$ cat work-v9.pdb   # PDB, C-alpha atoms, pLDDT in the B column
ATOM      1  CA  GLY A   1      -8.313 -30.049  23.315  1.00 85.00           C
ATOM      2  CA  VAL A   2      -7.415 -30.003  19.638  1.00 89.00           C
ATOM      3  CA  GLU A   3      -9.752 -27.104  18.815  1.00 89.00           C
ATOM      4  CA  THR A   4      -8.266 -24.940  21.561  1.00 85.00           C
ATOM      5  CA  ALA A   5      -4.755 -25.758  20.373  1.00 82.00           C
ATOM      6  CA  GLU A   6      -5.657 -24.782  16.783  1.00 83.00           C
ATOM      7  CA  ARG A   7      -7.181 -21.483  17.938  1.00 81.00           C
ATOM      8  CA  THR A   8      -4.087 -20.786  20.034  1.00 81.00           C
ATOM      9  CA  LEU A   9      -1.773 -21.426  17.101  1.00 76.00           C
ATOM     10  CA  ARG A  10      -3.825 -19.144  14.852  1.00 74.00           C
ATOM     11  CA  ALA A  11      -3.830 -16.374  17.464  1.00 72.00           C
ATOM     12  CA  THR A  12      -0.114 -16.609  18.237  1.00 70.00           C
ATOM     13  CA  PHE A  13       1.136 -17.010  14.680  1.00 64.00           C
ATOM     14  CA  ARG A  14       4.714 -15.840  14.268  1.00 62.00           C
ATOM     15  CA  ARG A  15       6.371 -15.059  10.978  1.00 63.00           C
ATOM     16  CA  GLY A  16       9.866 -16.179  10.069  1.00 60.00           C
ATOM     17  CA  VAL A  17      10.089 -19.303  12.235  1.00 57.00           C
ATOM     18  CA  ARG A  18      12.494 -21.835  10.755  1.00 55.00           C
ATOM     19  CA  GLU A  19      12.010 -25.499  11.465  1.00 57.00           C
ATOM     20  CA  PHE A  20      14.581 -28.260  11.282  1.00 55.00           C
ATOM     21  CA  ASP A  21      13.697 -31.772  10.291  1.00 58.00           C
ATOM     22  CA  GLY A  22      15.260 -34.740  12.060  1.00 56.00           C
ATOM     23  CA  ASN A  23      18.267 -34.878   9.723  1.00 60.00           C
ATOM     24  CA  ASN A  24      19.516 -31.301  10.205  1.00 55.00           C
ATOM     25  CA  ILE A  25      19.783 -30.960  13.974  1.00 55.00           C
ATOM     26  CA  GLY A  26      23.269 -29.452  14.057  1.00 54.00           C
ATOM     27  CA  VAL A  27      24.265 -25.830  13.604  1.00 52.00           C
ATOM     28  CA  GLU A  28      25.992 -26.509  10.295  1.00 51.00           C
ATOM     29  CA  ARG A  29      22.905 -25.377   8.388  1.00 54.00           C
ATOM     30  CA  ARG A  30      22.940 -21.645   7.666  1.00 54.00           C
ATOM     31  CA  PHE A  31      19.997 -19.500   6.651  1.00 52.00           C
ATOM     32  CA  PRO A  32      20.091 -16.076   5.011  1.00 57.00           C
ATOM     33  CA  THR A  33      19.125 -13.232   7.307  1.00 60.00           C
ATOM     34  CA  GLY A  34      16.015 -12.238   5.347  1.00 61.00           C
ATOM     35  CA  ASP A  35      14.114 -10.779   8.285  1.00 65.00           C
ATOM     36  CA  ARG A  36      12.583  -7.771   6.534  1.00 66.00           C
ATOM     37  CA  HIS A  37       9.078  -9.064   7.283  1.00 65.00           C
ATOM     38  CA  LEU A  38       9.803  -8.921  11.027  1.00 71.00           C
ATOM     39  CA  ARG A  39      10.820  -5.251  10.980  1.00 75.00           C
ATOM     40  CA  TYR A  40       7.449  -3.840  10.001  1.00 81.00           C
ATOM     41  CA  SER A  41       4.175  -3.610  11.833  1.00 84.00           C
ATOM     42  CA  ARG A  42       1.131  -5.184  10.179  1.00 86.00           C
ATOM     43  CA  LEU A  43      -2.116  -3.723   8.845  1.00 87.00           C
ATOM     44  CA  ASN A  44      -5.016  -6.127   9.314  1.00 88.00           C
ATOM     45  CA  HIS A  45      -6.780  -5.348   6.043  1.00 90.00           C
ATOM     46  CA  PRO A  46      -6.100  -5.498   2.298  1.00 93.00           C
ATOM     47  CA  VAL A  47      -4.932  -2.308   0.592  1.00 93.00           C
ATOM     48  CA  TYR A  48      -5.714  -1.294  -2.984  1.00 93.00           C
ATOM     49  CA  HIS A  49      -3.282   0.882  -4.888  1.00 92.00           C
ATOM     50  CA  ASP A  50      -3.160   2.826  -8.123  1.00 91.00           C
ATOM     51  CA  THR A  51      -1.205   5.571  -9.832  1.00 91.00           C
ATOM     52  CA  LEU A  52      -2.619   9.071 -10.180  1.00 90.00           C
ATOM     53  CA  PHE A  53      -1.200  11.193 -13.037  1.00 92.00           C
ATOM     54  CA  SER A  54      -1.012  14.958 -13.397  1.00 92.00           C
ATOM     55  CA  SER A  55      -0.559  17.029 -16.527  1.00 93.00           C
ATOM     56  CA  VAL A  56       1.413  19.639 -14.542  1.00 94.00           C
ATOM     57  CA  LYS A  57       4.885  19.080 -13.141  1.00 95.00           C
ATOM     58  CA  SER A  58       4.915  20.125  -9.486  1.00 95.00           C
ATOM     59  CA  ILE A  59       7.413  22.296  -7.642  1.00 95.00           C
ATOM     60  CA  ARG A  60       9.062  19.113  -6.361  1.00 94.00           C
ATOM     61  CA  SER A  61       9.274  17.809  -9.999  1.00 95.00           C
ATOM     62  CA  ASN A  62       6.555  15.219  -9.418  1.00 95.00           C
ATOM     63  CA  THR A  63       4.370  14.118 -12.307  1.00 95.00           C
ATOM     64  CA  CYS A  64       2.325  11.392 -10.610  1.00 95.00           C
ATOM     65  CA  SER A  65       1.363  10.015  -7.236  1.00 95.00           C
ATOM     66  CA  GLN A  66       0.866   6.516  -5.851  1.00 94.00           C
ATOM     67  CA  ILE A  67      -2.305   6.153  -3.811  1.00 93.00           C
ATOM     68  CA  TYR A  68      -2.907   3.359  -1.314  1.00 94.00           C
ATOM     69  CA  ALA A  69      -6.519   2.968  -0.171  1.00 92.00           C
ATOM     70  CA  THR A  70      -8.814   0.608   1.693  1.00 91.00           C
ATOM     71  CA  ASP A  71     -12.496  -0.022   1.197  1.00 87.00           C
ATOM     72  CA  PHE A  72     -13.310   2.101   4.272  1.00 86.00           C
ATOM     73  CA  CYS A  73     -11.750   5.297   2.800  1.00 85.00           C
ATOM     74  CA  TRP A  74      -8.374   5.188   4.519  1.00 91.00           C
ATOM     75  CA  SER A  75      -5.848   6.440   1.992  1.00 92.00           C
ATOM     76  CA  ARG A  76      -2.325   7.743   1.677  1.00 94.00           C
ATOM     77  CA  ASN A  77      -0.679   9.493  -1.262  1.00 94.00           C
ATOM     78  CA  PHE A  78       3.007   9.387  -2.097  1.00 95.00           C
ATOM     79  CA  PRO A  79       4.076  11.765  -4.916  1.00 95.00           C
ATOM     80  CA  MET A  80       6.565  10.391  -7.492  1.00 95.00           C
ATOM     81  CA  LYS A  81       8.664  11.803 -10.291  1.00 95.00           C
ATOM     82  CA  THR A  82       7.878   8.870 -12.634  1.00 93.00           C
ATOM     83  CA  LYS A  83       5.559   5.878 -12.447  1.00 90.00           C
ATOM     84  CA  GLY A  84       8.614   3.632 -12.122  1.00 89.00           C
ATOM     85  CA  ASP A  85       9.259   5.077  -8.643  1.00 92.00           C
ATOM     86  CA  ALA A  86       6.346   3.096  -7.172  1.00 92.00           C
ATOM     87  CA  GLN A  87       8.786   0.769  -5.408  1.00 92.00           C
ATOM     88  CA  HIS A  88      10.000   3.673  -3.244  1.00 94.00           C
ATOM     89  CA  THR A  89       6.457   4.480  -2.154  1.00 94.00           C
ATOM     90  CA  LEU A  90       6.079   0.863  -1.067  1.00 93.00           C
ATOM     91  CA  ASP A  91       9.014   1.347   1.315  1.00 91.00           C
ATOM     92  CA  ASP A  92       7.376   4.474   2.711  1.00 93.00           C
ATOM     93  CA  LEU A  93       4.057   2.681   3.215  1.00 94.00           C
ATOM     94  CA  PHE A  94       5.688  -0.244   5.015  1.00 93.00           C
ATOM     95  CA  HIS A  95       7.844   1.955   7.264  1.00 91.00           C
ATOM     96  CA  GLN A  96       5.233   4.552   8.194  1.00 93.00           C
ATOM     97  CA  TYR A  97       2.030   2.508   8.384  1.00 93.00           C
ATOM     98  CA  GLY A  98       2.823  -1.198   8.160  1.00 91.00           C
ATOM     99  CA  VAL A  99       2.457  -4.127   5.778  1.00 92.00           C
ATOM    100  CA  PRO A 100      -1.102  -4.943   4.657  1.00 93.00           C
ATOM    101  CA  THR A 101      -2.483  -8.464   4.432  1.00 91.00           C
ATOM    102  CA  LYS A 102      -2.370  -8.105   0.635  1.00 92.00           C
ATOM    103  CA  LEU A 103      -1.850  -5.430  -2.011  1.00 93.00           C
ATOM    104  CA  ILE A 104      -4.422  -5.333  -4.792  1.00 92.00           C
ATOM    105  CA  SER A 105      -3.836  -3.412  -8.030  1.00 89.00           C
ATOM    106  CA  ASP A 106      -4.701  -3.284 -11.676  1.00 86.00           C
ATOM    107  CA  ASN A 107      -2.392  -5.040 -14.128  1.00 83.00           C
ATOM    108  CA  ALA A 108       0.198  -2.267 -14.472  1.00 85.00           C
ATOM    109  CA  ASN A 109       3.657  -3.800 -14.944  1.00 82.00           C
ATOM    110  CA  GLU A 110       5.381  -1.438 -12.507  1.00 85.00           C
ATOM    111  CA  LEU A 111       2.929  -2.542  -9.778  1.00 86.00           C
ATOM    112  CA  ILE A 112       3.132  -6.314 -10.211  1.00 85.00           C
ATOM    113  CA  LYS A 113       6.662  -7.034 -11.475  1.00 87.00           C
ATOM    114  CA  GLY A 114      10.267  -6.119 -10.886  1.00 89.00           C
ATOM    115  CA  GLU A 115      11.543  -4.332  -7.818  1.00 92.00           C
ATOM    116  CA  PHE A 116       8.028  -3.605  -6.529  1.00 92.00           C
ATOM    117  CA  ALA A 117       7.163  -7.323  -6.453  1.00 92.00           C
ATOM    118  CA  ARG A 118      10.516  -8.199  -4.874  1.00 92.00           C
ATOM    119  CA  LYS A 119      10.022  -5.736  -2.011  1.00 91.00           C
ATOM    120  CA  ALA A 120       6.467  -6.932  -1.402  1.00 91.00           C
ATOM    121  CA  ARG A 121       7.645 -10.563  -1.389  1.00 89.00           C
ATOM    122  CA  GLN A 122      10.420  -9.762   1.119  1.00 88.00           C
ATOM    123  CA  ALA A 123       7.864  -8.190   3.454  1.00 88.00           C
ATOM    124  CA  GLN A 124       5.579 -11.225   2.982  1.00 87.00           C
ATOM    125  CA  CYS A 125       2.834  -9.142   1.403  1.00 90.00           C
ATOM    126  CA  PRO A 126       1.078 -11.029  -1.408  1.00 92.00           C
ATOM    127  CA  LEU A 127       0.228  -9.116  -4.589  1.00 93.00           C
ATOM    128  CA  GLU A 128      -3.120  -9.613  -6.301  1.00 91.00           C
ATOM    129  CA  GLN A 129      -4.625  -8.115  -9.453  1.00 89.00           C
ATOM    130  CA  VAL A 130      -8.180  -7.222 -10.329  1.00 87.00           C
ATOM    131  CA  ASP A 131      -9.704  -8.476 -13.572  1.00 83.00           C
ATOM    132  CA  SER A 132      -8.752  -6.617 -16.733  1.00 76.00           C
ATOM    133  CA  TYR A 133     -11.115  -3.863 -17.875  1.00 74.00           C
ATOM    134  CA  SER A 134     -13.014  -3.780 -14.583  1.00 78.00           C
ATOM    135  CA  PRO A 135     -11.843  -0.687 -12.657  1.00 74.00           C
ATOM    136  CA  PHE A 136     -14.841  -0.885 -10.305  1.00 77.00           C
ATOM    137  CA  GLN A 137     -13.065  -3.749  -8.487  1.00 80.00           C
ATOM    138  CA  ASN A 138     -10.141  -1.540  -7.507  1.00 80.00           C
ATOM    139  CA  ARG A 139     -11.203   0.601  -4.529  1.00 82.00           C
ATOM    140  CA  ALA A 140      -8.256   2.919  -5.145  1.00 84.00           C
ATOM    141  CA  GLU A 141      -9.931   4.170  -8.358  1.00 87.00           C
ATOM    142  CA  SER A 142     -12.813   5.749  -6.428  1.00 88.00           C
ATOM    143  CA  GLU A 143     -10.390   7.158  -3.868  1.00 89.00           C
ATOM    144  CA  VAL A 144      -8.356   8.738  -6.682  1.00 90.00           C
ATOM    145  CA  ARG A 145     -11.533  10.341  -8.060  1.00 91.00           C
ATOM    146  CA  GLU A 146     -12.676  11.713  -4.693  1.00 92.00           C
ATOM    147  CA  THR A 147      -9.221  12.910  -3.669  1.00 93.00           C
ATOM    148  CA  LYS A 148      -8.737  14.714  -6.990  1.00 92.00           C
ATOM    149  CA  ARG A 149     -12.186  16.271  -6.679  1.00 94.00           C
ATOM    150  CA  LEU A 150     -11.531  17.541  -3.146  1.00 94.00           C
ATOM    151  CA  SER A 151      -8.048  18.876  -3.866  1.00 94.00           C
ATOM    152  CA  GLY A 152      -9.289  20.553  -7.058  1.00 94.00           C
ATOM    153  CA  ARG A 153     -12.035  22.350  -5.123  1.00 96.00           C
ATOM    154  CA  TRP A 154      -9.528  23.595  -2.566  1.00 95.00           C
ATOM    155  CA  MET A 155      -7.070  24.784  -5.182  1.00 95.00           C
ATOM    156  CA  VAL A 156      -9.762  26.730  -7.062  1.00 96.00           C
ATOM    157  CA  LYS A 157     -11.210  28.191  -3.859  1.00 96.00           C
ATOM    158  CA  HIS A 158      -7.854  29.401  -2.541  1.00 95.00           C
ATOM    159  CA  LYS A 159      -6.442  30.253  -5.998  1.00 95.00           C
ATOM    160  CA  SER A 160      -3.296  28.240  -5.405  1.00 94.00           C
ATOM    161  CA  PRO A 161      -0.889  27.581  -8.288  1.00 95.00           C
ATOM    162  CA  LYS A 162      -1.234  24.292 -10.136  1.00 94.00           C
ATOM    163  CA  LYS A 163       2.379  23.440  -9.335  1.00 95.00           C
ATOM    164  CA  LEU A 164       1.333  22.769  -5.724  1.00 95.00           C
ATOM    165  CA  TRP A 165      -0.980  19.880  -6.681  1.00 95.00           C
ATOM    166  CA  ASP A 166       1.127  17.233  -4.911  1.00 93.00           C
ATOM    167  CA  TYR A 167       0.933  19.004  -1.544  1.00 95.00           C
ATOM    168  CA  CYS A 168      -2.802  19.502  -1.918  1.00 95.00           C
ATOM    169  CA  ILE A 169      -3.478  15.917  -2.944  1.00 95.00           C
ATOM    170  CA  GLN A 170      -1.576  14.597   0.082  1.00 95.00           C
ATOM    171  CA  LEU A 171      -3.583  16.876   2.364  1.00 95.00           C
ATOM    172  CA  ALA A 172      -6.875  15.853   0.736  1.00 94.00           C
ATOM    173  CA  SER A 173      -5.998  12.204   1.239  1.00 94.00           C
ATOM    174  CA  LEU A 174      -5.255  12.755   4.938  1.00 93.00           C
ATOM    175  CA  VAL A 175      -8.467  14.742   5.455  1.00 92.00           C
ATOM    176  CA  ARG A 176     -10.565  12.055   3.746  1.00 90.00           C
ATOM    177  CA  SER A 177      -8.877   9.388   5.882  1.00 89.00           C
ATOM    178  CA  ASN A 178      -9.722  11.211   9.093  1.00 87.00           C
ATOM    179  CA  THR A 179     -13.346  11.865   8.153  1.00 86.00           C
ATOM    180  CA  ALA A 180     -16.008   9.375   9.211  1.00 81.00           C
ATOM    181  CA  HIS A 181     -17.940   8.619   6.025  1.00 78.00           C
ATOM    182  CA  ASN A 182     -21.348   6.963   5.879  1.00 80.00           C
ATOM    183  CA  LEU A 183     -19.962   3.417   5.556  1.00 74.00           C
ATOM    184  CA  TYR A 184     -20.987   0.177   7.200  1.00 76.00           C
ATOM    185  CA  GLN A 185     -17.355  -0.753   7.989  1.00 70.00           C
ATOM    186  CA  LEU A 186     -16.987   2.375  10.144  1.00 68.00           C
TER     187      LEU A 186
END

$ encode --input "work-v9.pdb" --output "structure tokens"
Amino acid sequence: GVETAERTLRATFRRGVREFDGNNIGVERRFPTGDRHLRYSRLNHPVYHDTLFSSVKSIRSNTCSQIYATDFCWSRNFPMKTKGDAQHTLDDLFHQYGVPTKLISDNANELIKGEFARKARQAQCPLEQVDSYSPFQNRAESEVRETKRLSGRWMVKHKSPKKLWDYCIQLASLVRSNTAHNLYQL
């Protein structure tokens, strides 16, 4: 029936299929080989992202970190030298973990325009923004707060130098991601 056919099409959706209309049946029509969206695996949930800044330059010369988080406390941190390097962290996210259904951020220009937007568009990952002056909508903000809090506690407890903040923040993000929190989604 029609309903079964619709369910089948939704379940077997394939990206990058090109269709010819009746006029262009021959092989004379050429398409660019933009198949970047087929190379990556997919994450079946939206991902929020934000930039975390540090007042101390790390051993690896990093001054900030890009955090990608979901609403069920999965997060990953990618240290950066400048906030303009966010496009490189997007590559790392796509290669290591997959492409989310959508990326949601605040209205920072480096996160919604330029090379960052081009790479997201090539991977068929839509970009969305939260409303201005409403940080509570961005789930990455709370993940930044909790990750900073946890890494700060560890650094004080073990008396580690402040220049190691980027290693500690990555570890804190991984530990929080692998901990089952008291959340309905889990």

$ resolve_selection --input "work-v9.pdb" --expression "the PyMOL selection byres ((chain A and resi 43-49) around 8)" --output "number ranges by chain"
A: 41-42, 50-51, 66-71, 97-105, 138-140

$ residues_around --input "work-v9.pdb" --residues "Lys81 in chain A" --least-positions-apart "3" --cutoff "8 Å" --atoms "all atoms listed in the file" --output "list in words"
Ser61, Asn62, Thr63, Cys64 and Asp85 of chain A

$ resolve_selection --input "work-v9.pdb" --expression "the PyMOL selection byres ((chain A and resi 80) around 12)" --output "count of residues only"
32

$ closest_residue --input "work-v9.pdb" --among "A:Leu9, A:Val2, A:Leu150, A:Leu38" --to "Ala123 in chain A" --atoms "only C-alpha atoms"
A:Leu38

$ atom_distance --input "work-v9.pdb" --atom1 "CA of Cys168 in chain A" --atom2 "CA of Glu146 in chain A"
12.9 Å

$ closest_residue --input "work-v9.pdb" --among "A:Asn107, A:Gln122, A:Thr4, A:Ser75" --to "Val144 in chain A" --atoms "only C-alpha atoms"
A:Ser75

$ atom_distance --input "work-v9.pdb" --atom1 "CA of His158 in chain A" --atom2 "CA of Asn182 in chain A"
27.5 Å

$ residues_near_point --input "work-v9.pdb" --point "(3.2, -5.5, -10.8)" --cutoff "10 Å" --atoms "all atoms listed in the file" --output "MDAnalysis selection string"
chainID A and resid 86:87 104:118 127:129

$ closest_residue --input "work-v9.pdb" --among "A:Lys163, A:Arg176, A:Lys119, A:Arg39" --to "Lys148 in chain A" --atoms "only C-alpha atoms"
A:Arg176

$ atom_distance --input "work-v9.pdb" --atom1 "CA of Thr147 in chain A" --atom2 "CA of Leu164 in chain A"
14.6 Å

$ axis_aligned_box --input "work-v9.pdb" --around "range 65-84 of chain A" --padding-each-side "5 Å" --output "lines of an AutoDock Vina configuration file"
center_x = -2.3
center_y = 5.9
center_z = -4.1
size_x = 32.0
size_y = 21.8
size_z = 27.2

$ closest_residue --input "work-v9.pdb" --among "A:Cys73, A:Val156, A:Leu93, A:Leu171" --to "Ser142 in chain A" --atoms "all atoms listed in the file"
A:Cys73

$ closest_residue --input "work-v9.pdb" --among "A:Phe94, A:Gln137, A:Arg145, A:Leu183" --to "Gln124 in chain A" --atoms "only C-alpha atoms"
A:Phe94

$ closest_residue --input "work-v9.pdb" --among "A:Tyr40, A:Phe72, A:Arg7, A:Tyr133" --to "Tyr184 in chain A" --atoms "only C-alpha atoms"
A:Phe72

$ decode --input "work-v9.pdb" --residues "range 121-134 of chain A" --atoms "N, CA, C and O atoms" --output "PDB file, in the first residue's frame"
ATOM      1  N   ARG A 121      27.688  22.750   5.126  1.00  0.00           N
ATOM      2  CA  ARG A 121      26.792  22.606   3.972  1.00  0.00           C
ATOM      3  C   ARG A 121      27.244  21.444   3.086  1.00  0.00           C
ATOM      4  O   ARG A 121      26.421  20.675   2.591  1.00  0.00           O
ATOM      5  N   GLN A 122      28.553  21.272   2.900  1.00  0.00           N
ATOM      6  CA  GLN A 122      29.055  20.163   2.090  1.00  0.00           C
ATOM      7  C   GLN A 122      28.718  18.812   2.708  1.00  0.00           C
ATOM      8  O   GLN A 122      28.484  17.841   1.997  1.00  0.00           O
ATOM      9  N   ALA A 123      28.698  18.756   4.031  1.00  0.00           N
ATOM     10  CA  ALA A 123      28.380  17.501   4.720  1.00  0.00           C
ATOM     11  C   ALA A 123      26.877  17.342   4.925  1.00  0.00           C
ATOM     12  O   ALA A 123      26.452  16.402   5.580  1.00  0.00           O
ATOM     13  N   GLN A 124      26.090  18.249   4.385  1.00  0.00           N
ATOM     14  CA  GLN A 124      24.634  18.264   4.516  1.00  0.00           C
ATOM     15  C   GLN A 124      24.205  18.279   5.980  1.00  0.00           C
ATOM     16  O   GLN A 124      23.377  17.492   6.419  1.00  0.00           O
ATOM     17  N   CYS A 125      24.807  19.195   6.725  1.00  0.00           N
ATOM     18  CA  CYS A 125      24.481  19.393   8.131  1.00  0.00           C
ATOM     19  C   CYS A 125      23.948  20.817   8.283  1.00  0.00           C
ATOM     20  O   CYS A 125      24.718  21.775   8.198  1.00  0.00           O
ATOM     21  N   PRO A 126      22.651  20.986   8.478  1.00  0.00           N
ATOM     22  CA  PRO A 126      22.102  22.338   8.584  1.00  0.00           C
ATOM     23  C   PRO A 126      22.562  23.045   9.856  1.00  0.00           C
ATOM     24  O   PRO A 126      22.721  22.420  10.907  1.00  0.00           O
ATOM     25  N   LEU A 127      22.797  24.347   9.744  1.00  0.00           N
ATOM     26  CA  LEU A 127      23.185  25.176  10.881  1.00  0.00           C
ATOM     27  C   LEU A 127      21.974  25.951  11.373  1.00  0.00           C
ATOM     28  O   LEU A 127      21.228  26.510  10.580  1.00  0.00           O
ATOM     29  N   GLU A 128      21.786  25.978  12.676  1.00  0.00           N
ATOM     30  CA  GLU A 128      20.716  26.759  13.285  1.00  0.00           C
ATOM     31  C   GLU A 128      21.298  27.602  14.402  1.00  0.00           C
ATOM     32  O   GLU A 128      22.343  27.265  14.962  1.00  0.00           O
ATOM     33  N   GLN A 129      20.616  28.703  14.726  1.00  0.00           N
ATOM     34  CA  GLN A 129      21.053  29.591  15.798  1.00  0.00           C
ATOM     35  C   GLN A 129      19.954  29.696  16.841  1.00  0.00           C
ATOM     36  O   GLN A 129      18.770  29.648  16.517  1.00  0.00           O
ATOM     37  N   VAL A 130      20.387  29.873  18.093  1.00  0.00           N
ATOM     38  CA  VAL A 130      19.429  30.145  19.153  1.00  0.00           C
ATOM     39  C   VAL A 130      19.111  31.632  19.132  1.00  0.00           C
ATOM     40  O   VAL A 130      19.802  32.427  18.483  1.00  0.00           O
ATOM     41  N   ASP A 131      18.076  32.039  19.830  1.00  0.00           N
ATOM     42  CA  ASP A 131      17.704  33.443  19.901  1.00  0.00           C
ATOM     43  C   ASP A 131      18.801  34.251  20.592  1.00  0.00           C
ATOM     44  O   ASP A 131      19.483  33.749  21.491  1.00  0.00           O
ATOM     45  N   SER A 132      18.950  35.487  20.189  1.00  0.00           N
ATOM     46  CA  SER A 132      19.938  36.366  20.812  1.00  0.00           C
ATOM     47  C   SER A 132      19.605  36.599  22.278  1.00  0.00           C
ATOM     48  O   SER A 132      18.436  36.694  22.648  1.00  0.00           O
ATOM     49  N   TYR A 133      20.620  36.709  23.091  1.00  0.00           N
ATOM     50  CA  TYR A 133      20.510  36.990  24.521  1.00  0.00           C
ATOM     51  C   TYR A 133      19.680  35.940  25.272  1.00  0.00           C
ATOM     52  O   TYR A 133      18.969  36.260  26.215  1.00  0.00           O
ATOM     53  N   SER A 134      19.758  34.713  24.845  1.00  0.00           N
ATOM     54  CA  SER A 134      19.091  33.622  25.564  1.00  0.00           C
ATOM     55  C   SER A 134      20.016  32.405  25.595  1.00  0.00           C
ATOM     56  O   SER A 134      19.798  31.425  24.892  1.00  0.00           O
TER      57      SER A 134
END
